[in-house]
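Listing of protein05.txt, compact mmCIF, C-alpha atoms
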```txt
# COMPACT_ATOMS: atom_id res chain seq x y z
CA MET A 446 101.68 -253.65 -44.36
CA LEU A 447 99.15 -255.03 -41.91
CA LEU A 448 95.53 -253.94 -42.38
CA LYS A 449 92.59 -254.65 -40.11
CA PHE A 450 89.03 -254.93 -41.41
CA THR A 451 86.57 -252.98 -39.26
CA SER A 452 83.64 -255.07 -40.51
CA PRO A 453 83.21 -258.78 -41.28
CA ASP A 454 81.70 -257.70 -44.62
CA MET A 455 84.82 -257.38 -46.76
CA PHE A 456 83.06 -255.24 -49.39
CA ASN A 457 81.63 -252.80 -46.82
CA THR A 458 84.44 -251.96 -44.44
CA SER A 459 87.31 -249.68 -43.56
CA LEU A 460 90.90 -250.91 -43.56
CA ILE A 461 93.00 -249.70 -40.64
CA ASN A 462 96.79 -249.58 -40.89
CA VAL A 463 97.77 -251.40 -37.70
CA ALA A 464 101.20 -249.73 -37.56
CA THR A 465 99.71 -246.21 -37.41
CA ASN A 466 96.19 -247.03 -36.22
CA GLN A 467 94.94 -244.77 -39.02
CA ARG A 468 92.34 -245.50 -41.68
CA ALA A 469 94.10 -246.43 -44.91
CA TYR A 470 91.17 -247.37 -47.19
CA ASP A 471 87.38 -247.50 -47.26
CA ILE A 472 85.36 -250.06 -49.22
CA LEU A 473 81.69 -249.38 -49.92
CA THR A 474 79.25 -251.41 -52.01
CA ILE A 475 75.91 -249.93 -52.99
CA PRO A 476 72.98 -251.10 -55.14
CA LEU A 477 72.52 -249.39 -58.49
CA PRO A 478 68.79 -249.28 -59.29
CA ASP A 479 67.82 -248.82 -62.93
CA GLY A 480 67.41 -245.22 -63.91
CA ASP A 481 69.43 -243.88 -60.95
CA SER A 482 70.91 -240.59 -62.13
CA SER A 483 72.04 -239.24 -58.77
CA LEU A 484 75.57 -240.67 -59.05
CA PRO A 485 78.30 -238.52 -60.61
CA LYS A 486 78.73 -239.16 -64.31
CA LYS A 487 82.20 -240.66 -63.91
CA LEU A 488 80.77 -243.22 -61.49
CA SER A 489 77.76 -244.21 -63.59
CA THR A 490 77.58 -247.75 -64.92
CA LEU A 491 77.30 -248.91 -68.50
CA SER A 492 76.31 -252.41 -67.44
CA ASP A 493 73.55 -254.51 -68.95
CA PRO A 494 70.20 -252.98 -67.90
CA HIS A 495 68.62 -256.44 -67.93
CA SER A 496 70.98 -257.73 -65.21
CA ALA A 497 68.98 -258.80 -62.15
CA GLU A 498 71.39 -257.28 -59.61
CA ARG A 499 73.61 -254.31 -60.29
CA ARG A 500 76.02 -252.99 -57.68
CA GLN A 501 79.02 -250.75 -57.41
CA THR A 502 82.00 -251.22 -55.13
CA ILE A 503 84.10 -248.13 -54.52
CA LEU A 504 87.52 -248.19 -52.86
CA THR A 505 88.88 -244.89 -51.57
CA ASP A 506 92.16 -244.02 -49.88
CA ALA A 507 92.63 -242.06 -46.67
CA THR A 508 92.15 -238.74 -48.48
CA GLY A 509 88.86 -239.84 -50.06
CA ASN A 510 90.24 -240.29 -53.58
CA ILE A 511 88.82 -243.20 -55.57
CA VAL A 512 91.55 -245.77 -56.18
CA ALA A 513 89.41 -248.64 -57.51
CA ASN A 514 85.90 -249.06 -58.85
CA ILE A 515 83.91 -252.23 -59.57
CA ILE A 516 80.63 -252.50 -61.41
CA TRP A 517 78.89 -255.78 -60.62
CA ASN A 518 76.48 -257.43 -63.04
CA GLY A 519 75.19 -260.11 -60.72
CA ARG A 520 78.46 -261.69 -59.53
CA ARG A 521 80.48 -260.65 -62.59
CA PRO A 522 82.78 -257.69 -61.89
CA ASP A 523 84.00 -255.01 -64.26
CA ILE A 524 87.14 -253.67 -62.58
CA THR A 525 88.94 -250.33 -62.78
CA ILE A 526 92.11 -249.68 -60.75
CA LEU A 527 93.24 -246.05 -60.62
CA ASP A 528 93.16 -244.94 -64.28
CA GLU A 529 93.42 -248.47 -65.71
CA LYS A 530 90.36 -250.28 -67.02
CA VAL A 531 91.26 -253.84 -66.01
CA GLY A 532 88.03 -255.50 -67.15
CA ALA A 533 86.67 -258.88 -66.07
CA LEU A 534 87.89 -261.02 -63.19
CA THR A 535 90.12 -263.12 -65.45
CA ASP A 536 91.93 -259.94 -66.52
CA LEU A 537 92.96 -259.25 -62.93
CA PHE A 538 95.08 -262.41 -62.81
CA GLY A 539 97.77 -263.96 -64.96
CA SER A 540 95.68 -267.07 -65.62
CA SER A 541 92.22 -268.43 -64.82
CA THR A 542 93.41 -272.03 -64.42
CA TYR A 543 94.57 -273.93 -61.36
CA ASP A 544 96.89 -276.86 -60.77
CA SER A 545 94.67 -279.90 -61.29
CA CYS A 546 97.41 -282.16 -59.88
CA GLN A 547 96.66 -280.71 -56.46
CA PRO A 548 92.87 -280.68 -56.13
CA LYS A 549 93.03 -279.16 -52.64
CA ILE A 550 95.02 -276.14 -53.80
CA LEU A 551 93.85 -273.30 -56.03
CA ALA A 552 96.92 -271.61 -57.53
CA ILE A 553 96.61 -268.58 -59.82
CA PRO A 554 99.58 -266.40 -60.89
CA THR A 555 99.46 -262.64 -60.57
CA ARG A 556 99.43 -260.53 -63.69
CA PHE A 557 102.37 -258.39 -62.52
CA ASP A 558 104.87 -261.15 -61.64
CA THR A 559 104.77 -264.74 -62.90
CA GLU A 560 106.64 -265.93 -59.79
CA PHE A 561 104.00 -264.47 -57.46
CA ILE A 562 101.19 -267.01 -57.09
CA TRP A 563 97.86 -266.61 -55.31
CA THR A 564 97.51 -269.83 -53.35
CA ALA A 565 94.23 -270.87 -51.74
CA THR A 566 93.25 -273.92 -49.72
CA PRO A 567 90.04 -274.68 -47.80
CA GLU A 568 91.71 -273.11 -44.74
CA SER A 569 94.00 -270.37 -46.07
CA LEU A 570 94.68 -267.68 -48.66
CA THR A 571 98.23 -266.48 -49.32
CA LEU A 572 100.42 -264.76 -51.89
CA PHE A 573 103.53 -266.90 -52.45
CA ASP A 574 106.78 -265.90 -54.16
CA TYR A 575 108.21 -269.01 -55.83
CA ASP A 576 111.42 -267.19 -56.71
CA THR A 577 112.39 -266.70 -53.06
CA GLU A 578 110.06 -269.41 -51.69
CA THR A 579 108.54 -267.00 -49.19
CA ILE A 580 105.02 -265.90 -48.36
CA LYS A 581 104.43 -262.28 -49.38
CA GLY A 582 100.88 -261.93 -48.16
CA THR A 583 98.30 -263.62 -45.94
CA PHE A 584 94.59 -263.13 -45.38
CA TYR A 585 93.84 -263.86 -41.71
CA GLN A 586 90.14 -264.51 -41.07
CA ASN A 587 88.33 -264.52 -37.73
CA VAL A 588 91.50 -264.25 -35.65
CA VAL A 589 92.49 -262.54 -32.44
CA ARG A 590 95.67 -260.47 -32.72
CA ILE A 591 98.06 -260.32 -29.79
CA SER A 592 100.72 -257.63 -30.03
CA THR A 593 103.99 -258.00 -28.12
CA ARG A 594 107.46 -256.52 -28.32
CA SER A 595 110.53 -258.69 -28.47
CA LYS A 596 114.23 -257.91 -28.39
CA VAL A 597 116.17 -258.78 -31.52
CA PRO A 598 120.00 -258.87 -31.77
CA LYS A 599 121.65 -256.14 -33.80
CA SER A 600 122.83 -258.67 -36.39
CA ARG A 601 119.23 -259.70 -36.96
CA LEU A 602 118.12 -256.06 -37.13
CA THR A 603 120.69 -255.40 -39.86
CA SER A 604 119.19 -258.13 -42.01
CA LEU A 605 115.70 -256.80 -41.36
CA SER A 606 116.71 -253.31 -42.45
CA LYS A 607 117.38 -254.67 -45.92
CA SER A 608 113.72 -255.60 -46.21
CA LYS A 609 111.09 -253.69 -44.28
CA HIS A 610 108.63 -256.53 -44.46
CA SER A 611 109.56 -260.01 -43.32
CA SER A 612 107.81 -263.08 -44.71
CA ALA A 613 106.15 -265.84 -42.74
CA SER A 614 107.15 -269.47 -43.08
CA PRO A 615 104.86 -271.76 -45.14
CA ASP A 616 104.60 -273.91 -42.00
CA PHE A 617 102.23 -271.30 -40.60
CA LEU A 618 99.60 -272.49 -43.06
CA HIS A 619 99.15 -275.58 -40.91
CA SER A 620 99.43 -274.05 -37.45
CA THR A 621 96.75 -272.67 -35.16
CA SER A 622 98.51 -269.32 -34.86
CA SER A 623 100.73 -267.15 -37.06
CA VAL A 624 103.45 -264.67 -36.22
CA SER A 625 104.23 -261.42 -38.01
CA LEU A 626 107.30 -259.26 -37.40
CA TRP A 627 107.48 -255.57 -38.29
CA SER A 628 110.34 -253.16 -37.66
CA SER A 629 109.41 -250.56 -35.07
CA SER A 630 111.78 -247.93 -36.43
CA SER A 631 113.03 -246.73 -39.81
CA ARG A 632 116.32 -245.40 -38.47
CA SER A 633 119.59 -246.87 -39.68
CA THR A 634 121.16 -249.67 -37.68
CA GLU A 635 124.00 -247.42 -36.59
CA ASP A 636 121.51 -245.51 -34.44
CA GLN A 637 120.10 -248.65 -32.83
CA GLU A 638 121.03 -250.25 -29.54
CA PRO A 639 122.60 -253.75 -29.68
CA ALA A 640 119.18 -255.17 -28.92
CA ALA A 641 116.25 -253.36 -30.57
CA GLN A 642 112.52 -253.63 -30.06
CA LEU A 643 110.37 -255.20 -32.78
CA LEU A 644 106.60 -255.33 -32.86
CA LYS A 645 105.43 -258.91 -33.03
CA SER A 646 101.88 -259.89 -33.97
CA ILE A 647 100.53 -263.29 -33.07
CA PHE A 648 97.27 -264.38 -34.70
CA ILE A 649 95.18 -266.96 -32.89
CA SER A 650 91.98 -268.52 -34.18
CA PRO A 651 89.25 -268.40 -31.51
CA ARG A 652 87.38 -271.30 -33.16
CA ILE A 653 84.14 -269.36 -32.65
CA PRO A 654 82.70 -267.68 -35.77
CA GLY A 655 82.52 -263.91 -35.48
CA LEU A 656 84.59 -263.63 -32.31
CA GLY A 657 87.76 -262.52 -34.07
CA SER A 658 88.59 -259.95 -36.75
CA ASN A 659 89.95 -260.13 -40.29
CA TYR A 660 93.44 -258.93 -41.18
CA LEU A 661 95.34 -258.59 -44.44
CA GLU A 662 99.14 -258.61 -44.37
CA PHE A 663 101.30 -258.17 -47.44
CA ALA A 664 104.56 -256.79 -48.76
CA SER A 665 104.36 -254.19 -51.52
CA HIS A 666 105.53 -255.08 -55.02
CA PRO A 667 107.36 -252.58 -57.27
CA LEU A 668 105.24 -253.54 -60.29
CA ALA A 669 101.83 -253.31 -58.64
CA HIS A 670 99.95 -250.72 -56.64
CA ASP A 671 98.99 -251.79 -53.13
CA ILE A 672 95.32 -251.42 -53.99
CA GLU A 673 95.67 -254.07 -56.71
CA ILE A 674 97.06 -256.53 -54.19
CA ILE A 675 94.25 -255.73 -51.74
CA LEU A 676 91.56 -256.05 -54.39
CA SER A 677 93.07 -259.28 -55.71
CA PHE A 678 92.95 -260.78 -52.22
CA LEU A 679 89.23 -259.99 -51.99
CA MET A 680 88.52 -261.52 -55.40
CA MET A 681 90.62 -264.57 -54.58
CA GLU A 682 88.58 -265.04 -51.43
CA ILE A 683 85.42 -265.22 -53.55
CA LEU A 684 87.10 -267.77 -55.83
CA ARG A 685 88.37 -269.75 -52.84
CA ARG A 686 84.91 -270.09 -51.38
CA GLY A 687 83.51 -271.25 -54.70
CA ARG A 688 86.34 -273.68 -55.43
CA PHE A 689 86.10 -275.49 -52.09
CA ASN A 690 82.32 -275.34 -51.64
CA LEU A 691 82.56 -272.96 -48.69
CA PRO A 692 79.71 -270.58 -47.78
CA PRO A 693 79.71 -267.99 -50.59
CA TYR A 694 80.05 -264.29 -50.05
CA VAL A 695 76.56 -262.79 -50.04
CA PHE A 696 76.07 -259.21 -51.12
CA GLY A 697 73.91 -257.36 -48.65
CA LYS A 698 72.74 -253.82 -48.37
CA PRO A 699 74.83 -251.87 -45.89
CA LYS A 700 72.85 -250.47 -43.01
CA LEU A 701 70.94 -247.46 -44.22
CA TRP A 702 72.64 -247.82 -47.60
CA GLN A 703 70.87 -244.78 -49.03
CA GLU A 704 72.40 -242.56 -46.34
CA ALA A 705 75.78 -244.24 -46.84
CA ARG A 706 75.63 -243.55 -50.57
CA ASN A 707 74.58 -239.93 -50.09
CA SER A 708 77.36 -239.43 -47.56
CA PHE A 709 79.92 -240.81 -50.03
CA ILE A 710 78.63 -238.56 -52.83
CA ARG A 711 78.89 -235.50 -50.57
CA ARG A 712 82.49 -236.39 -49.69
CA LEU A 713 83.33 -236.95 -53.35
CA ARG A 714 81.91 -233.58 -54.38
CA ARG A 715 83.82 -231.79 -51.62
CA ASN A 716 87.06 -233.41 -52.80
CA THR A 717 86.47 -232.46 -56.44
CA ILE A 718 85.56 -228.82 -55.84
```
Once you've parsed the file, please lay out its structure as structure tokens.
Amino acid sequence: MLLKFTSPDMFNTSLINVATNQRAYDILTIPLPDGDSSLPKKLSTLSDPHSAERRQTILTDATGNIVANIIWNGRRPDITILDEKVGALTDLFGSSTYDSCQPKILAIPTRFDTEFIWTATPESLTLFDYDTETIKGTFYQNVVRISTRSKVPKSRLTSLSKSKHSSASPDFLHSTSSVSLWSSSSRSTEDQEPAAQLLKSIFISPRIPGLGSNYLEFASHPLAHDIEIILSFLMMEILRRGRFNLPPYVFGKPKLWQEARNSFIRRLRRNTI
């Protein structure tokens, strides 16, 4: 799956499925003032009332259903994914330690597969499968996407049909552009021409902050919901910035946040009636 962020603020954005050009998820973060009783009861926070900054991040799917909820006490999250109360940030991952033998790499295993490792460097953030030695996910930041179609031999198409999502080579971590291949059809190979069309995405860094867009590409895992992978990428990005002394993510009020919150509450009530 390839998702495009509609906003540079990763906690106030929509995620567009590039394959369908349809909105897949919405992410909204709102302040939670003390004594605010206007939120639905199931969305109210039980966080420490003495915390200086209290926020709530809500992730909804294309139908408006809440798929993840985060209560922030300052910069400490309390995470819920679907019906599971995950808890603190350390509970979202398999371990809170990193490989000290490689000071320029932050490596944290996932909680759903010990062979799947979140791998961060000062320049990149990926999900790496050590069992197959392939990249299963990449967070592209401030890039320009160029979409082209290329012809692929039938023999190559047959191998692609066994896995809908292909994985990028680790060499792309050190290149100025990355390539992503996605099958353009779900039909069996018997119905395909000897040379079929595949959608190819090339990501190029413009070297100018803010000129490009952010994309998240990943392959689904049978033991984890897609929203957990998406949320883990966002949390890993916060950890990556802190680990390598990069500019930290700064929570900011979305434009007209009061109207944004009221709009969300109205949508939620319509969906629950």
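The shortest atom-to-atom distance to Pro554 of chain A, with all atoms listed in the file taken into account, belongs to A:Asp574 out of A:Asp574, A:Asp471, A:Glu498, A:Glu662.
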Show me, as JSON, the centre and edge lengths in Å to one decimal of the axis-aligned box that covers every listed atom of segment 662-676 of chain A with 3 Å on each side.
```
{"center_x": 99.5, "center_y": -254.7, "center_z": -52.3, "size_x": 21.8, "size_y": 13.9, "size_z": 21.9}
```
Just the number, please: distance in Å from atom CA of Asp536 of chain A to atom CA of Asn510 of chain A, one decimal.
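Those two atoms sit 23.6 Å apart.
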Can you measure atom CA of Leu534 of chain A to atom CA of Arg521 of chain A for me? One decimal in Å is fine.
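Computed distance, atom CA of Leu534 of chain A to atom CA of Arg521 of chain A, equals 7.4 Å.
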From the options A:Ile475, A:Ile526, A:His670, A:Val695, which residue's atoms come nearest to Ile683 of chain A, counting only C-alpha atoms?
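Comparing A:Ile475, A:Ile526, A:His670, A:Val695 against Ile683 of chain A, the winner is A:Val695.
Taking atom CA of Ile550 of chain A and atom CA of Phe696 of chain A as endpoints, the distance between them is 25.6 Å.
Comparing the minimum interatomic distances between Phe450 of chain A and each of A:Arg594, A:Arg685, A:Lys549, A:Arg468, counting all atoms listed in the file, we find that A:Arg468 sits nearest.
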Please, which residues are within 12 Å of (96.4, -248.6, -64.8) by the file's coordinates, counting only C-alpha atoms, and could they come as a PyMOL selection string?
chain A and resi 512-513+524-532+537+557+668-670+672-673
Selection above as a file: C-alpha atoms, as a PDB file, keeping the file's coordinate frame:
```pdb
ATOM      1  CA  VAL A 512      91.550-245.770 -56.180  1.00  0.00           C
ATOM      2  CA  ALA A 513      89.410-248.640 -57.510  1.00  0.00           C
ATOM      3  CA  ILE A 524      87.140-253.670 -62.580  1.00  0.00           C
ATOM      4  CA  THR A 525      88.940-250.330 -62.780  1.00  0.00           C
ATOM      5  CA  ILE A 526      92.110-249.680 -60.750  1.00  0.00           C
ATOM      6  CA  LEU A 527      93.240-246.050 -60.620  1.00  0.00           C
ATOM      7  CA  ASP A 528      93.160-244.940 -64.280  1.00  0.00           C
ATOM      8  CA  GLU A 529      93.420-248.470 -65.710  1.00  0.00           C
ATOM      9  CA  LYS A 530      90.360-250.280 -67.020  1.00  0.00           C
ATOM     10  CA  VAL A 531      91.260-253.840 -66.010  1.00  0.00           C
ATOM     11  CA  GLY A 532      88.030-255.500 -67.150  1.00  0.00           C
ATOM     12  CA  LEU A 537      92.960-259.250 -62.930  1.00  0.00           C
ATOM     13  CA  PHE A 557     102.370-258.390 -62.520  1.00  0.00           C
ATOM     14  CA  LEU A 668     105.240-253.540 -60.290  1.00  0.00           C
ATOM     15  CA  ALA A 669     101.830-253.310 -58.640  1.00  0.00           C
ATOM     16  CA  HIS A 670      99.950-250.720 -56.640  1.00  0.00           C
ATOM     17  CA  ILE A 672      95.320-251.420 -53.990  1.00  0.00           C
ATOM     18  CA  GLU A 673      95.670-254.070 -56.710  1.00  0.00           C
TER      19      GLU A 673
END
```
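Among the candidates A:His666, A:Thr465, A:Ile653, A:Gly509, the residue lying nearest to Glu560 of chain A is A:His666 (atoms considered: only C-alpha atoms).
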Pick out the residues sitting within 8 Å of Thr502 of chain A, and hand them over as a compact mmCIF listing (two decimals) with C-alpha atoms, in the frame of the given file; count all atoms listed in the file, and ignore anything fewer than 2 positions along from it in its own chain.
```
# COMPACT_ATOMS: atom_id res chain seq x y z
CA PHE A 456 83.06 -255.24 -49.39
CA ILE A 472 85.36 -250.06 -49.22
CA LEU A 473 81.69 -249.38 -49.92
CA THR A 474 79.25 -251.41 -52.01
CA ILE A 475 75.91 -249.93 -52.99
CA ARG A 500 76.02 -252.99 -57.68
CA LEU A 504 87.52 -248.19 -52.86
CA ASN A 514 85.90 -249.06 -58.85
CA ILE A 515 83.91 -252.23 -59.57
CA ILE A 516 80.63 -252.50 -61.41
CA TRP A 517 78.89 -255.78 -60.62
```
